[in-house]
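Shown below: data-v9.tsv, with TSV, C-alpha atoms and all ligand atoms.
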chain	number	residue	atom	x	y	z
A	1403	MET	CA	35.18	55.24	-109.71
A	1404	ALA	CA	38.51	56.01	-111.42
A	1405	PRO	CA	39.81	52.98	-113.41
A	1406	GLU	CA	43.07	52.84	-111.44
A	1407	ARG	CA	41.14	52.63	-108.14
A	1408	SER	CA	38.98	49.77	-109.36
A	1409	LEU	CA	42.16	48.01	-110.51
A	1410	LEU	CA	43.46	48.28	-106.94
A	1411	LEU	CA	40.28	46.72	-105.58
A	1412	LEU	CA	40.40	43.73	-107.94
A	1413	PRO	CA	42.99	41.66	-105.99
A	1414	LEU	CA	41.05	42.26	-102.77
A	1415	LEU	CA	37.83	41.17	-104.42
A	1416	ALA	CA	39.55	38.07	-105.84
A	1417	MET	CA	40.88	37.14	-102.37
A	1418	LEU	CA	37.39	37.52	-100.90
A	1419	VAL	CA	35.84	35.28	-103.57
A	1420	VAL	CA	38.54	32.58	-103.11
A	1421	ARG	CA	37.96	32.68	-99.33
A	1422	LEU	CA	34.19	32.34	-99.74
A	1423	VAL	CA	34.22	29.41	-102.14
A	1424	SER	CA	37.09	27.40	-100.62
A	1425	SER	CA	36.35	24.71	-98.04
A	1426	GLU	CA	37.56	25.04	-94.44
A	1427	THR	CA	41.27	25.28	-93.74
A	1428	PRO	CA	43.03	22.64	-91.56
A	1429	ALA	CA	43.11	25.19	-88.70
A	1430	GLU	CA	39.36	25.86	-89.04
A	1431	ARG	CA	38.74	22.11	-89.06
A	1432	PHE	CA	40.79	21.74	-85.86
A	1433	GLU	CA	38.78	24.45	-84.12
A	1434	ARG	CA	35.44	23.02	-85.30
A	1435	GLN	CA	36.36	19.56	-84.04
A	1436	HIS	CA	38.26	20.38	-80.88
A	1437	VAL	CA	37.60	23.85	-79.45
A	1438	ASP	CA	34.65	24.79	-77.26
A	1439	SER	CA	35.58	28.10	-75.68
A	1440	ASP	CA	32.00	28.89	-74.64
A	1441	CYS	CA	31.69	25.96	-72.29
A	1442	PRO	CA	34.15	25.97	-69.40
A	1443	ALA	CA	32.02	23.54	-67.33
A	1444	LEU	CA	32.15	19.78	-66.83
A	1445	ASN	CA	30.09	17.98	-69.43
A	1446	ASP	CA	27.88	14.91	-69.59
A	1447	ASN	CA	26.95	12.36	-72.25
A	1448	VAL	CA	24.21	14.67	-73.62
A	1449	TYR	CA	26.88	17.34	-74.25
A	1450	CYS	CA	28.91	14.81	-76.26
A	1451	ASN	CA	25.87	13.56	-78.22
A	1452	GLN	CA	24.88	17.13	-79.15
A	1453	MET	CA	28.36	18.53	-79.78
A	1454	MET	CA	29.47	15.58	-81.92
A	1455	ARG	CA	26.37	16.12	-84.08
A	1456	ASN	CA	26.51	19.95	-84.11
A	1457	ARG	CA	30.20	19.98	-85.05
A	1458	GLY	CA	29.64	17.63	-88.00
A	1459	MET	CA	31.30	14.45	-86.70
A	1460	THR	CA	28.33	12.11	-87.07
A	1461	GLN	CA	27.30	12.84	-90.66
A	1462	GLU	CA	28.61	9.85	-92.61
A	1463	SER	CA	29.52	7.69	-89.65
A	1464	CYS	CA	29.94	8.16	-85.89
A	1465	LYS	CA	33.47	9.38	-85.11
A	1466	GLU	CA	34.88	6.96	-82.52
A	1467	PHE	CA	36.73	9.38	-80.25
A	1468	ASN	CA	36.97	13.13	-80.03
A	1469	THR	CA	38.33	15.63	-77.54
A	1470	PHE	CA	36.79	19.06	-76.92
A	1471	ILE	CA	39.18	21.55	-75.33
A	1472	LEU	CA	37.20	23.84	-73.02
A	1473	GLU	CA	39.55	26.78	-73.07
A	1474	ASN	CA	39.88	30.17	-74.70
A	1475	VAL	CA	40.74	29.79	-78.39
A	1476	GLN	CA	43.66	32.25	-78.14
A	1477	LYS	CA	45.16	30.16	-75.35
A	1478	ILE	CA	44.87	27.04	-77.52
A	1479	ARG	CA	46.39	28.77	-80.57
A	1480	ALA	CA	49.27	30.03	-78.40
A	1481	ILE	CA	50.38	26.42	-77.73
A	1482	CYS	CA	52.01	26.57	-81.17
A	1483	TRP	CA	54.53	29.07	-79.75
A	1484	ASN	CA	55.64	26.70	-76.98
A	1485	THR	CA	58.83	24.73	-77.41
A	1486	LYS	CA	58.54	21.60	-79.54
A	1487	ALA	CA	57.38	18.26	-78.18
A	1488	PRO	CA	57.80	14.83	-79.79
A	1489	CYS	CA	55.13	13.93	-82.37
A	1490	LYS	CA	53.77	10.37	-82.57
A	1491	ASP	CA	55.15	10.01	-86.08
A	1492	GLN	CA	58.18	11.18	-88.00
A	1493	PHE	CA	57.19	14.83	-88.21
A	1494	HIS	CA	58.52	17.56	-85.97
A	1495	ASN	CA	55.90	20.24	-85.64
A	1496	CYS	CA	54.26	19.25	-82.35
A	1497	HIS	CA	53.92	21.47	-79.29
A	1498	ARG	CA	52.69	20.70	-75.77
A	1499	SER	CA	50.50	22.93	-73.60
A	1500	SER	CA	52.51	24.35	-70.70
A	1501	GLN	CA	49.59	23.77	-68.31
A	1502	PRO	CA	47.00	21.00	-68.07
A	1503	LEU	CA	43.84	22.07	-69.93
A	1504	GLN	CA	40.22	21.19	-69.17
A	1505	VAL	CA	38.94	18.79	-71.83
A	1506	THR	CA	35.88	16.64	-72.40
A	1507	GLU	CA	36.61	13.39	-74.21
A	1508	CYS	CA	33.71	11.83	-76.10
A	1509	ARG	CA	33.97	8.11	-76.79
A	1510	LEU	CA	31.41	6.27	-78.93
A	1511	LYS	CA	29.38	3.73	-76.93
A	1512	GLY	CA	29.80	0.17	-78.13
A	1513	ASN	CA	26.11	-0.40	-78.82
A	1514	SER	CA	25.71	2.84	-80.81
A	1515	GLN	CA	24.28	2.61	-84.34
A	1516	HIS	CA	24.63	5.37	-86.95
A	1517	PRO	CA	22.81	7.79	-87.29
A	1518	GLN	CA	22.01	7.58	-83.54
A	1519	CYS	CA	25.58	8.19	-82.35
A	1520	LYS	CA	25.70	7.90	-78.54
A	1521	TYR	CA	28.76	8.99	-76.59
A	1522	LYS	CA	30.21	8.60	-73.13
A	1523	ALA	CA	31.76	11.80	-71.75
A	1524	THR	CA	34.91	11.96	-69.60
A	1525	ASN	CA	36.05	15.24	-68.07
A	1526	VAL	CA	39.74	15.50	-67.42
A	1527	LYS	CA	42.52	18.06	-67.06
A	1528	LYS	CA	45.56	17.13	-69.13
A	1529	HIS	CA	48.43	18.50	-71.12
A	1530	ILE	CA	47.62	18.36	-74.80
A	1531	ILE	CA	49.94	18.05	-77.77
A	1532	VAL	CA	49.00	19.72	-81.04
A	1533	SER	CA	50.74	19.84	-84.38
A	1534	CYS	CA	50.90	23.27	-85.93
A	1535	CYS	CA	51.19	24.50	-89.50
A	1536	GLY	CA	51.13	27.67	-91.58
A	1537	TRP	CA	51.76	31.32	-90.98
A	1538	PRO	CA	50.59	32.44	-88.54
A	1539	LEU	CA	51.33	29.09	-86.91
A	1540	LEU	CA	48.02	27.47	-85.88
A	1541	PRO	CA	47.00	24.05	-84.48
A	1542	VAL	CA	45.87	21.62	-87.19
A	1543	HIS	CA	45.82	18.23	-85.39
A	1544	LEU	CA	45.33	16.99	-81.89
A	1545	ASP	CA	47.86	14.45	-80.64
A	1546	SER	CA	47.14	11.55	-82.93
A	1547	SER	CA	48.79	8.91	-85.00
A	1548	LYS	CA	47.67	10.61	-88.20
A	1549	SER	CA	50.09	12.41	-90.52
A	1550	HIS	CA	51.28	15.74	-89.19
A	1551	LYS	CA	52.84	16.89	-92.46
A	1552	CYS	CA	52.01	20.48	-93.32
A	1553	LEU	CA	50.60	20.52	-96.84
A	1554	LYS	CA	51.49	24.16	-97.57
B	1601	LIG	N1	41.67	12.46	-81.30
B	1601	LIG	C1	41.09	13.24	-80.30
B	1601	LIG	N2	41.72	13.24	-79.08
B	1601	LIG	C2	42.88	12.56	-78.82
B	1601	LIG	C3	43.45	11.79	-79.86
B	1601	LIG	C4	42.83	11.77	-81.07
B	1601	LIG	O1	40.09	13.90	-80.52
B	1601	LIG	O2	43.38	12.63	-77.69
B	1601	LIG	P1	43.08	14.83	-85.97
B	1601	LIG	O3	42.61	15.22	-87.33
B	1601	LIG	O4	44.49	14.40	-85.92
B	1601	LIG	O5	42.73	15.89	-84.98
B	1601	LIG	O6	43.60	10.17	-84.13
B	1601	LIG	C5	42.51	10.34	-85.00
B	1601	LIG	C6	41.62	11.48	-84.55
B	1601	LIG	O7	41.19	11.22	-83.21
B	1601	LIG	C7	42.30	12.84	-84.49
B	1601	LIG	O8	42.23	13.52	-85.67
B	1601	LIG	C8	41.49	13.55	-83.46
B	1601	LIG	O9	40.40	14.17	-84.11
B	1601	LIG	C9	40.98	12.46	-82.58

In structure tokens, write the structure found in this file.
Amino acid sequence: MAPERSLLLLPLLAMLVVRLVSSETPAERFERQHVDSDCPALNDNVYCNQMMRNRGMTQESCKEFNTFILENVQKIRAICWNTKAPCKDQFHNCHRSSQPLQVTECRLKGNSQHPQCKYKATNVKKHIIVSCCGWPLLPVHLDSSKSHKCLK
């Protein structure tokens, strides 16, 4: 290959290596924790027990509460283009779904002991609020009291 062509490929190769070694982005984390596009049905406690484990939320401890949004991922990402909604803290990058979305909420049962994390499932249709960051703008947090500041 001509030297100038290999020079052109170098930045692409560098970007690929950075992408492979870096940990998940905030948007990827959001989708791992909150999006289940393959499952548009109503879900039971077994769904919560399995999904909380499969999506890595029971590794070090049992996550207390988690919502899975049972909608197409593009539809969820598009919420970031809706007009702004109030955040629960001082930041201003929250957006509300224009329609109620089907969600399954998984709440840790009181008698549950790690590593056997047992959840109670609740199926509900509700508007959700997400905070969005980056370009393209993508959801990074579900309505929560945690910091919504975009890091970069
Ligand atoms: N959480 C839900 N559903 C809710 C509210 C909170 O799953 O309706 P995150 O990183 O901001 O998404 O508030 C703490 C965590 O509870 C949230 O974290 C979210 O994962 C979860």

Find the nearest atom pair between each residue of chain A and ligand LIG 1601 (chain B) for residues within 9 Å, count only C-alpha atoms and all ligand atoms, give distances in Å to one decimal, sort rows by chain and ascending number, and present the table as a tab-separated table.
residue	atom	partner	partner_atom	distance
A:Pro1428	CA	B:LIG1601	O3	8.6
A:Arg1431	CA	B:LIG1601	O3	8.1
A:Phe1432	CA	B:LIG1601	O5	6.2
A:Gln1435	CA	B:LIG1601	O9	6.7
A:His1436	CA	B:LIG1601	O1	6.7
A:Lys1465	CA	B:LIG1601	O7	8.2
A:Glu1466	CA	B:LIG1601	O7	7.6
A:Phe1467	CA	B:LIG1601	O1	5.6
A:Asn1468	CA	B:LIG1601	O1	3.3
A:Thr1469	CA	B:LIG1601	O1	3.9
A:Phe1470	CA	B:LIG1601	O1	7.1
A:Glu1507	CA	B:LIG1601	N2	7.1
A:Cys1508	CA	B:LIG1601	O1	8.0
A:Ile1530	CA	B:LIG1601	O2	7.7
A:Ile1531	CA	B:LIG1601	O2	8.5
A:Val1532	CA	B:LIG1601	O5	8.3
A:Ser1533	CA	B:LIG1601	O4	8.4
A:Val1542	CA	B:LIG1601	O5	6.9
A:His1543	CA	B:LIG1601	O5	3.9
A:Leu1544	CA	B:LIG1601	O5	4.2
A:Asp1545	CA	B:LIG1601	C3	5.2
A:Ser1546	CA	B:LIG1601	O6	4.0
A:Ser1547	CA	B:LIG1601	O6	5.4
A:Lys1548	CA	B:LIG1601	O4	5.4
A:Ser1549	CA	B:LIG1601	O4	7.5
A:His1550	CA	B:LIG1601	O4	7.7

Within 6 Å of Asn1451 in chain A using only C-alpha atoms, minus same-chain residues under 3 positions, as a JSON list (two decimals) with C-alpha atoms, in the frame of the given file:
[["chain", "number", "residue", "atom", "x", "y", "z"],
["A", 1448, "VAL", "CA", 24.21, 14.67, -73.62],
["A", 1454, "MET", "CA", 29.47, 15.58, -81.92],
["A", 1520, "LYS", "CA", 25.70, 7.90, -78.54],
["A", 1521, "TYR", "CA", 28.76, 8.99, -76.59]]

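Between Ala1523 in chain A and the residues A:Gln1452, A:Arg1498, A:Cys1489, A:Ser1439, the shortest atom-to-atom distance, using only C-alpha atoms, involves A:Gln1452.
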
> Quick one: residues within 10 Å of His1529 in chain A, only C-alpha atoms counted, chain neighbours fewer than 5 positions away excluded, as a PyMOL selection string?
Replying inline: chain A and resi 1498-1505

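In this model, the gap between CA of Cys1534 in chain A and CA of Val1437 in chain A comes to 14.8 Å.
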
>> My list of candidates is A:Cys1496, A:Cys1552, A:Met1453, A:Leu1540. Which is closest to Glu1430 in chain A when distances are computed with only C-alpha atoms?
In response: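 Among the listed residues, A:Leu1540 lies closest to Glu1430 in chain A.
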
> Restricting the calculation to all atoms listed in the file, which member of A:Cys1535, A:Cys1441, A:Cys1450, A:Met1459 is positioned closest to Phe1493 in chain A?
Replying inline: A:Cys1535

>> Which residue is closest to Glu1473 in chain A? Choose from A:Asp1491, A:Glu1433, A:Glu1426, A:Asp1446 and count only C-alpha atoms.
In response: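 Smallest distance to Glu1473 in chain A is found for A:Glu1433.
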
>> Please compute the CA of Lys1527 in chain A-CA of Lys1490 in chain A distance, one decimal, in Å.
In response: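 Calculated distance between CA of Lys1527 in chain A and CA of Lys1490 in chain A is 20.6 Å.
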
> Of the candidates A:Ile1471, A:Lys1511, A:Trp1537, A:Arg1434, which shows the shortest atom-to-atom distance to Arg1455 in chain A, using only C-alpha atoms?
Replying inline: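 Ranked by minimum distance to Arg1455 in chain A, first place goes to A:Arg1434.
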
> Looking at A:Ile1478, A:Val1526, A:Ala1443, A:Cys1519, which one is nearest to Cys1464 in chain A, with distances taken over all atoms listed in the file?
Replying inline: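 Distance minimum relative to Cys1464 in chain A lands on A:Cys1519.
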
> Expressed in Å to a single decimal, how great is the separation between CA of Ala1480 in chain A and CA of Arg1509 in chain A?
Replying inline: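 Computed distance, CA of Ala1480 in chain A to CA of Arg1509 in chain A, equals 26.8 Å.
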